[in-house]
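> First the structure, then my questions, so here it is.
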Amino acid sequence: MRDYSIRAASPDDLDGARALMLDTVYHDFGTGYVPHWHADIIDPAAAYLASPRHTLLVALDPRDNGVVATAALDSRGPAHPPNPRDLAERYPSGATAQLRRIYVRPEHRRRGLARRLVTELLAFTAADGGYRAVYLHTDPKVPGAEAFWRSLGKVVHDEREEADGGNGVVHFEIPMER
């Protein structure tokens, strides 16, 4: 395993982080950039660096210091719509740490980077002191995503079980103490 370094993103890391995130939404999700869903990708400084309660972490390849993984957290709970109303009420903004953009370049996967990044995000959450829950949602069509999140938390809503299938998203709560 390479000796990746993980740190809070600096302004110098944002171009590499943005490129990785855009590659992920185009190649892994197949959606491409959707402004309503991905505005934070275009302006990660405003989304994650401006507030002391938000963070963007990067994992750097020791060979060239390139960004090979990202992980973000903000204090916005799931919005309704498009998410179910009960989730928006259960995980309100301000009291909920929402994990976002846990992305790893394909050639760096299966090396524990995502798990290390989530551990760092959970430590950030605990240090904040104001969060009551850690929430995230994932697209189960992304290879490995659902199994990874099931290994870390519990499913609180699976839209595939709705009569109309919802958006097909699976929603999770991650224990704050790990």
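Convention: chains lettered A, B, ... in structure tokens order; per-chain residue numbering from 1; ligands numbered from 1 as shown.
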Name the residues of chain A that fall into alpha helix (DSSP H) according to DSSP on the backbone, using the chain letters and numbers of this document, as a short mmCIF file (atom, residue, chain, number, x, y, z; two decimals) with all heavy atoms, in the first residue's frame.

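Writing the result to states_6.cif gives the following:
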```cif
data_model
loop_
_atom_site.label_atom_id
_atom_site.label_comp_id
_atom_site.auth_asym_id
_atom_site.auth_seq_id
_atom_site.Cartn_x
_atom_site.Cartn_y
_atom_site.Cartn_z
N LEU A 14 -7.64 22.48 -4.80
CA LEU A 14 -9.01 22.52 -5.32
C LEU A 14 -9.14 22.12 -6.78
O LEU A 14 -10.11 21.45 -7.15
CB LEU A 14 -9.64 23.88 -5.06
CG LEU A 14 -9.79 24.25 -3.58
CD1 LEU A 14 -10.49 25.59 -3.44
CD2 LEU A 14 -10.51 23.16 -2.81
N ASP A 15 -8.18 22.47 -7.62
CA ASP A 15 -8.28 22.06 -9.03
C ASP A 15 -8.23 20.54 -9.15
O ASP A 15 -9.01 19.95 -9.90
CB ASP A 15 -7.17 22.70 -9.87
CG ASP A 15 -7.40 24.17 -10.13
OD1 ASP A 15 -8.54 24.66 -9.96
OD2 ASP A 15 -6.41 24.86 -10.49
N GLY A 16 -7.32 19.90 -8.41
CA GLY A 16 -7.22 18.44 -8.45
C GLY A 16 -8.47 17.78 -7.88
O GLY A 16 -8.95 16.77 -8.41
N ALA A 17 -9.00 18.33 -6.79
CA ALA A 17 -10.22 17.79 -6.19
C ALA A 17 -11.39 17.93 -7.14
O ALA A 17 -12.17 16.99 -7.34
CB ALA A 17 -10.50 18.49 -4.85
N ARG A 18 -11.53 19.09 -7.75
CA ARG A 18 -12.63 19.34 -8.69
C ARG A 18 -12.54 18.37 -9.87
O ARG A 18 -13.55 17.80 -10.29
CB ARG A 18 -12.59 20.79 -9.17
CG ARG A 18 -13.74 21.18 -10.08
CD ARG A 18 -13.64 22.63 -10.56
NE ARG A 18 -13.56 23.57 -9.46
CZ ARG A 18 -12.47 24.23 -9.08
NH1 ARG A 18 -11.32 24.06 -9.73
NH2 ARG A 18 -12.49 25.08 -8.08
N ALA A 19 -11.35 18.18 -10.41
CA ALA A 19 -11.18 17.27 -11.55
C ALA A 19 -11.59 15.85 -11.18
O ALA A 19 -12.29 15.18 -11.94
CB ALA A 19 -9.73 17.31 -12.03
N LEU A 20 -11.19 15.38 -10.01
CA LEU A 20 -11.56 14.04 -9.56
C LEU A 20 -13.07 13.93 -9.41
O LEU A 20 -13.69 12.95 -9.84
CB LEU A 20 -10.86 13.71 -8.24
CG LEU A 20 -11.05 12.30 -7.72
CD1 LEU A 20 -9.87 11.91 -6.86
CD2 LEU A 20 -12.31 12.16 -6.92
N MET A 21 -13.69 14.93 -8.80
CA MET A 21 -15.14 14.90 -8.59
C MET A 21 -15.89 14.90 -9.92
O MET A 21 -16.85 14.15 -10.10
CB MET A 21 -15.57 16.09 -7.74
CG MET A 21 -15.11 16.04 -6.30
SD MET A 21 -15.63 17.56 -5.46
CE MET A 21 -14.63 17.51 -3.99
N LEU A 22 -15.46 15.73 -10.85
CA LEU A 22 -16.12 15.76 -12.16
C LEU A 22 -15.93 14.44 -12.91
O LEU A 22 -16.87 13.93 -13.51
CB LEU A 22 -15.61 16.94 -12.99
CG LEU A 22 -16.12 18.30 -12.54
CD1 LEU A 22 -15.38 19.42 -13.26
CD2 LEU A 22 -17.63 18.44 -12.73
N ASP A 23 -14.72 13.88 -12.84
CA ASP A 23 -14.50 12.57 -13.46
C ASP A 23 -15.46 11.54 -12.88
O ASP A 23 -16.01 10.71 -13.60
CB ASP A 23 -13.05 12.10 -13.24
CG ASP A 23 -12.05 12.84 -14.11
OD1 ASP A 23 -12.45 13.56 -15.04
OD2 ASP A 23 -10.83 12.67 -13.85
N PRO A 35 -26.03 21.03 -12.33
CA PRO A 35 -25.84 22.18 -11.42
C PRO A 35 -26.59 22.09 -10.10
O PRO A 35 -26.03 22.40 -9.05
CB PRO A 35 -26.33 23.37 -12.26
CG PRO A 35 -26.10 22.95 -13.67
CD PRO A 35 -26.38 21.46 -13.68
N HIS A 36 -27.83 21.63 -10.13
CA HIS A 36 -28.62 21.55 -8.90
C HIS A 36 -28.00 20.59 -7.89
O HIS A 36 -28.08 20.79 -6.69
CB HIS A 36 -30.05 21.16 -9.23
CG HIS A 36 -30.95 21.09 -8.04
ND1 HIS A 36 -31.38 22.22 -7.37
CD2 HIS A 36 -31.46 20.03 -7.38
CE1 HIS A 36 -32.13 21.85 -6.35
NE2 HIS A 36 -32.21 20.52 -6.33
N TRP A 37 -27.39 19.51 -8.38
CA TRP A 37 -26.81 18.50 -7.49
C TRP A 37 -25.33 18.74 -7.22
O TRP A 37 -24.83 18.31 -6.18
CB TRP A 37 -26.93 17.11 -8.10
CG TRP A 37 -28.32 16.62 -8.32
CD1 TRP A 37 -29.47 17.05 -7.71
CD2 TRP A 37 -28.70 15.58 -9.22
NE1 TRP A 37 -30.55 16.34 -8.18
CE2 TRP A 37 -30.11 15.43 -9.11
CE3 TRP A 37 -28.00 14.77 -10.10
CZ2 TRP A 37 -30.81 14.49 -9.84
CZ3 TRP A 37 -28.71 13.84 -10.83
CH2 TRP A 37 -30.10 13.70 -10.71
N HIS A 38 -24.62 19.36 -8.13
CA HIS A 38 -23.16 19.38 -8.06
C HIS A 38 -22.53 20.77 -7.97
O HIS A 38 -21.35 20.92 -8.27
CB HIS A 38 -22.59 18.67 -9.29
CG HIS A 38 -23.10 17.28 -9.49
ND1 HIS A 38 -23.64 16.84 -10.67
CD2 HIS A 38 -23.17 16.22 -8.64
CE1 HIS A 38 -24.01 15.58 -10.56
NE2 HIS A 38 -23.74 15.18 -9.33
N ALA A 39 -23.28 21.78 -7.54
CA ALA A 39 -22.71 23.13 -7.47
C ALA A 39 -21.48 23.18 -6.58
O ALA A 39 -20.55 23.95 -6.84
CB ALA A 39 -23.77 24.12 -6.99
N ASP A 40 -21.45 22.36 -5.54
CA ASP A 40 -20.30 22.35 -4.63
C ASP A 40 -19.02 21.89 -5.34
O ASP A 40 -17.92 22.26 -4.93
CB ASP A 40 -20.57 21.47 -3.41
CG ASP A 40 -20.82 20.02 -3.79
OD1 ASP A 40 -21.76 19.76 -4.57
OD2 ASP A 40 -20.07 19.15 -3.31
N ILE A 41 -19.17 21.11 -6.39
CA ILE A 41 -17.99 20.64 -7.12
C ILE A 41 -17.33 21.81 -7.84
O ILE A 41 -16.10 21.91 -7.88
CB ILE A 41 -18.38 19.53 -8.12
CG1 ILE A 41 -18.81 18.27 -7.36
CG2 ILE A 41 -17.23 19.22 -9.07
CD1 ILE A 41 -19.34 17.16 -8.25
N ILE A 42 -18.12 22.68 -8.40
CA ILE A 42 -17.57 23.81 -9.15
C ILE A 42 -16.93 24.83 -8.21
O ILE A 42 -15.90 25.42 -8.53
CB ILE A 42 -18.67 24.47 -10.02
CG1 ILE A 42 -19.18 23.44 -11.04
CG2 ILE A 42 -18.17 25.73 -10.71
CD1 ILE A 42 -18.11 22.83 -11.94
N PRO A 44 -15.79 24.41 -4.63
CA PRO A 44 -15.56 23.73 -3.35
C PRO A 44 -15.06 24.66 -2.25
O PRO A 44 -15.29 24.40 -1.07
CB PRO A 44 -14.54 22.64 -3.69
CG PRO A 44 -13.88 23.10 -4.94
CD PRO A 44 -14.91 23.92 -5.67
N ARG A 85 -39.55 13.48 2.92
CA ARG A 85 -39.81 14.47 3.96
C ARG A 85 -39.34 13.98 5.34
O ARG A 85 -38.75 14.74 6.09
CB ARG A 85 -41.29 14.84 4.02
CG ARG A 85 -41.61 15.89 5.08
CD ARG A 85 -43.10 16.21 5.16
NE ARG A 85 -43.70 16.54 3.90
CZ ARG A 85 -43.62 17.74 3.31
NH1 ARG A 85 -42.99 18.73 3.91
NH2 ARG A 85 -44.22 17.96 2.15
N ASP A 86 -39.61 12.72 5.66
CA ASP A 86 -39.23 12.24 6.99
C ASP A 86 -37.72 12.28 7.20
O ASP A 86 -37.26 12.50 8.32
CB ASP A 86 -39.80 10.84 7.26
CG ASP A 86 -39.24 9.77 6.33
OD1 ASP A 86 -39.14 10.02 5.12
OD2 ASP A 86 -38.92 8.68 6.85
N LEU A 87 -36.93 12.11 6.15
CA LEU A 87 -35.48 12.21 6.30
C LEU A 87 -35.05 13.65 6.54
O LEU A 87 -34.16 13.91 7.36
CB LEU A 87 -34.76 11.65 5.06
CG LEU A 87 -34.80 10.15 4.90
CD1 LEU A 87 -34.14 9.74 3.60
CD2 LEU A 87 -34.16 9.44 6.07
N ALA A 88 -35.66 14.58 5.84
CA ALA A 88 -35.34 16.00 6.05
C ALA A 88 -35.68 16.41 7.48
O ALA A 88 -34.95 17.19 8.10
CB ALA A 88 -36.09 16.87 5.05
N GLU A 89 -36.75 15.87 8.03
CA GLU A 89 -37.12 16.20 9.41
C GLU A 89 -36.22 15.50 10.42
O GLU A 89 -35.85 16.07 11.44
CB GLU A 89 -38.58 15.82 9.64
CG GLU A 89 -39.54 16.70 8.86
CD GLU A 89 -40.98 16.20 8.84
OE1 GLU A 89 -41.25 15.09 9.39
OE2 GLU A 89 -41.82 16.90 8.26
N ARG A 90 -35.84 14.28 10.13
CA ARG A 90 -34.98 13.50 11.04
C ARG A 90 -33.55 14.03 11.08
O ARG A 90 -32.88 13.94 12.10
CB ARG A 90 -34.99 12.04 10.60
CG ARG A 90 -34.16 11.12 11.45
CD ARG A 90 -34.34 9.69 11.00
NE ARG A 90 -33.53 8.79 11.77
CZ ARG A 90 -33.52 7.48 11.60
NH1 ARG A 90 -34.28 6.93 10.68
NH2 ARG A 90 -32.74 6.72 12.33
N LEU A 113 -8.45 3.83 1.31
CA LEU A 113 -8.50 5.30 1.33
C LEU A 113 -9.86 5.84 1.76
O LEU A 113 -9.94 6.75 2.58
CB LEU A 113 -8.15 5.86 -0.05
CG LEU A 113 -6.67 5.98 -0.35
CD1 LEU A 113 -6.47 6.38 -1.81
CD2 LEU A 113 -6.01 6.98 0.57
N ALA A 114 -10.94 5.31 1.21
CA ALA A 114 -12.27 5.82 1.57
C ALA A 114 -12.53 5.64 3.06
O ALA A 114 -13.03 6.54 3.74
CB ALA A 114 -13.36 5.14 0.74
N ARG A 115 -12.17 4.49 3.59
CA ARG A 115 -12.38 4.23 5.03
C ARG A 115 -11.54 5.19 5.88
O ARG A 115 -12.02 5.71 6.88
CB ARG A 115 -12.03 2.76 5.32
CG ARG A 115 -12.55 2.29 6.66
CD ARG A 115 -12.43 0.77 6.77
NE ARG A 115 -13.19 0.04 5.75
CZ ARG A 115 -14.45 -0.32 5.89
NH1 ARG A 115 -15.12 -0.03 6.98
NH2 ARG A 115 -15.06 -0.97 4.93
N ARG A 116 -10.31 5.42 5.48
CA ARG A 116 -9.47 6.38 6.22
C ARG A 116 -10.07 7.79 6.17
O ARG A 116 -10.07 8.50 7.16
CB ARG A 116 -8.05 6.40 5.65
CG ARG A 116 -7.21 5.19 6.04
CD ARG A 116 -5.83 5.20 5.42
NE ARG A 116 -5.07 6.40 5.75
CZ ARG A 116 -3.98 6.78 5.08
NH1 ARG A 116 -3.52 6.07 4.06
NH2 ARG A 116 -3.34 7.88 5.43
N LEU A 117 -10.56 8.17 5.01
CA LEU A 117 -11.16 9.50 4.87
C LEU A 117 -12.41 9.63 5.74
O LEU A 117 -12.61 10.65 6.41
CB LEU A 117 -11.49 9.78 3.41
CG LEU A 117 -10.29 10.07 2.52
CD1 LEU A 117 -10.64 9.88 1.05
CD2 LEU A 117 -9.74 11.46 2.78
N VAL A 118 -13.26 8.61 5.75
CA VAL A 118 -14.46 8.66 6.58
C VAL A 118 -14.08 8.74 8.06
O VAL A 118 -14.69 9.49 8.82
CB VAL A 118 -15.38 7.45 6.29
CG1 VAL A 118 -16.51 7.36 7.32
CG2 VAL A 118 -15.95 7.57 4.88
N THR A 119 -13.07 8.00 8.47
CA THR A 119 -12.60 8.08 9.86
C THR A 119 -12.20 9.51 10.21
O THR A 119 -12.54 10.01 11.29
CB THR A 119 -11.44 7.10 10.09
OG1 THR A 119 -11.92 5.77 9.85
CG2 THR A 119 -10.88 7.20 11.50
N GLU A 120 -11.51 10.17 9.31
CA GLU A 120 -11.10 11.57 9.53
C GLU A 120 -12.33 12.48 9.59
O GLU A 120 -12.38 13.41 10.41
CB GLU A 120 -10.15 12.03 8.43
CG GLU A 120 -8.80 11.35 8.46
CD GLU A 120 -7.96 11.76 9.65
OE1 GLU A 120 -8.01 12.93 10.07
OE2 GLU A 120 -7.22 10.89 10.16
N LEU A 121 -13.30 12.25 8.74
CA LEU A 121 -14.51 13.07 8.77
C LEU A 121 -15.27 12.88 10.08
O LEU A 121 -15.81 13.83 10.64
CB LEU A 121 -15.43 12.75 7.58
CG LEU A 121 -14.94 13.19 6.21
CD1 LEU A 121 -15.93 12.74 5.13
CD2 LEU A 121 -14.70 14.68 6.14
N LEU A 122 -15.32 11.64 10.57
CA LEU A 122 -16.00 11.39 11.84
C LEU A 122 -15.27 12.07 13.00
O LEU A 122 -15.92 12.58 13.93
CB LEU A 122 -16.16 9.90 12.07
CG LEU A 122 -17.10 9.20 11.10
CD1 LEU A 122 -17.08 7.69 11.34
CD2 LEU A 122 -18.51 9.76 11.17
N ALA A 123 -13.95 12.12 12.95
CA ALA A 123 -13.19 12.84 13.98
C ALA A 123 -13.50 14.34 13.90
O ALA A 123 -13.65 15.01 14.93
CB ALA A 123 -11.69 12.58 13.81
N PHE A 124 -13.61 14.87 12.70
CA PHE A 124 -13.96 16.28 12.51
C PHE A 124 -15.34 16.56 13.09
O PHE A 124 -15.55 17.56 13.77
CB PHE A 124 -13.93 16.61 11.00
CG PHE A 124 -14.25 18.03 10.68
CD1 PHE A 124 -13.25 18.98 10.59
CD2 PHE A 124 -15.56 18.44 10.43
CE1 PHE A 124 -13.54 20.31 10.27
CE2 PHE A 124 -15.86 19.75 10.12
CZ PHE A 124 -14.85 20.68 10.05
N THR A 125 -16.28 15.64 12.84
CA THR A 125 -17.64 15.77 13.36
C THR A 125 -17.63 15.81 14.88
O THR A 125 -18.28 16.66 15.50
CB THR A 125 -18.51 14.60 12.86
OG1 THR A 125 -18.52 14.63 11.44
CG2 THR A 125 -19.92 14.70 13.38
N ALA A 126 -16.91 14.89 15.49
CA ALA A 126 -16.85 14.83 16.96
C ALA A 126 -16.22 16.10 17.53
O ALA A 126 -16.69 16.64 18.53
CB ALA A 126 -16.07 13.60 17.39
N ALA A 127 -15.17 16.58 16.89
CA ALA A 127 -14.49 17.78 17.38
C ALA A 127 -15.38 19.02 17.30
O ALA A 127 -15.27 19.93 18.12
CB ALA A 127 -13.19 18.01 16.60
N ASP A 128 -16.27 19.05 16.32
CA ASP A 128 -17.19 20.19 16.17
C ASP A 128 -18.09 20.33 17.40
O ASP A 128 -18.34 21.44 17.86
CB ASP A 128 -18.04 20.02 14.91
CG ASP A 128 -19.06 21.12 14.73
OD1 ASP A 128 -18.70 22.18 14.19
OD2 ASP A 128 -20.21 20.92 15.16
N ALA A 145 -20.33 0.86 -3.78
CA ALA A 145 -20.77 1.93 -2.89
C ALA A 145 -21.70 1.42 -1.79
O ALA A 145 -21.49 1.71 -0.60
CB ALA A 145 -21.44 3.05 -3.68
N GLU A 146 -22.72 0.68 -2.16
CA GLU A 146 -23.68 0.25 -1.15
C GLU A 146 -23.03 -0.67 -0.12
O GLU A 146 -23.23 -0.51 1.09
CB GLU A 146 -24.87 -0.45 -1.81
CG GLU A 146 -25.93 -0.85 -0.80
CD GLU A 146 -27.16 -1.46 -1.44
OE1 GLU A 146 -27.22 -1.61 -2.68
OE2 GLU A 146 -28.09 -1.80 -0.67
N ALA A 147 -22.23 -1.62 -0.56
CA ALA A 147 -21.57 -2.54 0.38
C ALA A 147 -20.63 -1.78 1.31
O ALA A 147 -20.56 -2.07 2.51
CB ALA A 147 -20.80 -3.61 -0.39
N PHE A 148 -19.91 -0.80 0.77
CA PHE A 148 -19.01 -0.01 1.61
C PHE A 148 -19.78 0.71 2.71
O PHE A 148 -19.43 0.63 3.89
CB PHE A 148 -18.24 1.01 0.74
CG PHE A 148 -17.41 1.96 1.56
CD1 PHE A 148 -16.23 1.53 2.14
CD2 PHE A 148 -17.81 3.28 1.73
CE1 PHE A 148 -15.46 2.40 2.90
CE2 PHE A 148 -17.05 4.15 2.49
CZ PHE A 148 -15.86 3.72 3.07
N TRP A 149 -20.86 1.41 2.35
CA TRP A 149 -21.60 2.17 3.35
C TRP A 149 -22.33 1.24 4.33
O TRP A 149 -22.44 1.57 5.51
CB TRP A 149 -22.55 3.16 2.68
CG TRP A 149 -21.77 4.24 2.01
CD1 TRP A 149 -21.69 4.51 0.68
CD2 TRP A 149 -20.89 5.18 2.65
NE1 TRP A 149 -20.82 5.55 0.45
CE2 TRP A 149 -20.32 5.98 1.64
CE3 TRP A 149 -20.53 5.42 3.98
CZ2 TRP A 149 -19.42 7.01 1.92
CZ3 TRP A 149 -19.63 6.44 4.26
CH2 TRP A 149 -19.08 7.22 3.25
N ARG A 150 -22.79 0.09 3.87
CA ARG A 150 -23.40 -0.86 4.80
C ARG A 150 -22.39 -1.35 5.83
O ARG A 150 -22.75 -1.67 6.96
CB ARG A 150 -24.01 -2.05 4.05
CG ARG A 150 -25.33 -1.72 3.39
CD ARG A 150 -25.92 -2.96 2.70
NE ARG A 150 -27.15 -2.64 2.02
CZ ARG A 150 -28.36 -2.66 2.57
NH1 ARG A 150 -28.50 -2.99 3.83
NH2 ARG A 150 -29.43 -2.35 1.86
N SER A 151 -21.11 -1.40 5.46
CA SER A 151 -20.09 -1.84 6.41
C SER A 151 -19.80 -0.79 7.48
O SER A 151 -19.21 -1.10 8.52
CB SER A 151 -18.79 -2.20 5.68
OG SER A 151 -18.07 -1.04 5.29
N LEU A 152 -20.24 0.44 7.25
CA LEU A 152 -19.96 1.54 8.18
C LEU A 152 -21.17 2.05 8.94
O LEU A 152 -21.02 2.70 9.97
CB LEU A 152 -19.32 2.72 7.43
CG LEU A 152 -17.94 2.49 6.86
CD1 LEU A 152 -17.53 3.68 6.01
CD2 LEU A 152 -16.94 2.25 7.98
#
```
> Point out the residue among A:Pro106, A:Pro52, A:Gly130, A:Pro82 with the least atom-to-atom distance to Ala69 in chain A, counting only C-alpha atoms.
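Looking at the shortest contact to Ala69 in chain A, the residue is A:Pro106.
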> Quick check for you: according to DSSP on this backbone, which residues of chain A are classed as strand (DSSP E)? Reply as an NGL selection string.
:A and (5-8 or 55-60 or 67-74 or 96-104 or 133-138 or 154-158 or 170-174)
> I'd like the neighbourhood of Ala59 in chain A as a count of residues only, where a residue qualifies if any of its atoms comes within 10 Å (using only C-alpha atoms), though same-chain residues fewer than 2 positions away should be ignored.
24
> Wanna dump the range 74-152 of chain A-range 158-174 of chain A contacts at 6 Å for me, each residue with its shortest atom pair and the distance in Å to one decimal, counting only C-alpha atoms, ordered by chain and number, as JSON lines?

```
{"residue": "A:Val134", "atom": "CA", "partner": "A:Ile174", "partner_atom": "CA", "distance": 5.3}
{"residue": "A:Tyr135", "atom": "CA", "partner": "A:Glu173", "partner_atom": "CA", "distance": 4.6}
{"residue": "A:Leu136", "atom": "CA", "partner": "A:Phe172", "partner_atom": "CA", "distance": 5.4}
{"residue": "A:His137", "atom": "CA", "partner": "A:His171", "partner_atom": "CA", "distance": 4.2}
{"residue": "A:Thr138", "atom": "CA", "partner": "A:Val170", "partner_atom": "CA", "distance": 5.5}
{"residue": "A:Asp139", "atom": "CA", "partner": "A:Val169", "partner_atom": "CA", "distance": 5.1}
```
> Calculated over only C-alpha atoms, which of the candidates A:Thr96, A:Pro175, A:Val142, A:Leu49 has the smallest distance to Val155 in chain A?
A:Pro175
> With distances taken over only C-alpha atoms, which residue among A:Lys154, A:His108, A:Arg100, A:Arg76 lies nearest Arg2 in chain A?
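Checking each of A:Lys154, A:His108, A:Arg100, A:Arg76 against Arg2 in chain A, counting only C-alpha atoms, the winner is A:His108.
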> Can you work out which one of A:Asn83, A:Ala133, A:Arg105, A:Arg53 has the shortest atom-to-atom distance to Asp28 in chain A, counting only C-alpha atoms?
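Among the listed residues, the smallest separation from Asp28 in chain A belongs to A:Arg105.
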> For Ala95 in chain A, list every protein, DNA or RNA residue within 8 Å, evaluated using only C-alpha atoms, and leave out those in the same chain fewer than 3 positions away; present the list as a PyMOL selection string.
chain A and resi 75+77+91-92+130-133
> Taking only C-alpha atoms into account, name the residue in A:Pro11, A:Pro143, A:Gly129, A:Gly30 that is nearest to Leu56 in chain A.
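Comparing A:Pro11, A:Pro143, A:Gly129, A:Gly30 against Leu56 in chain A, the winner is A:Pro11.
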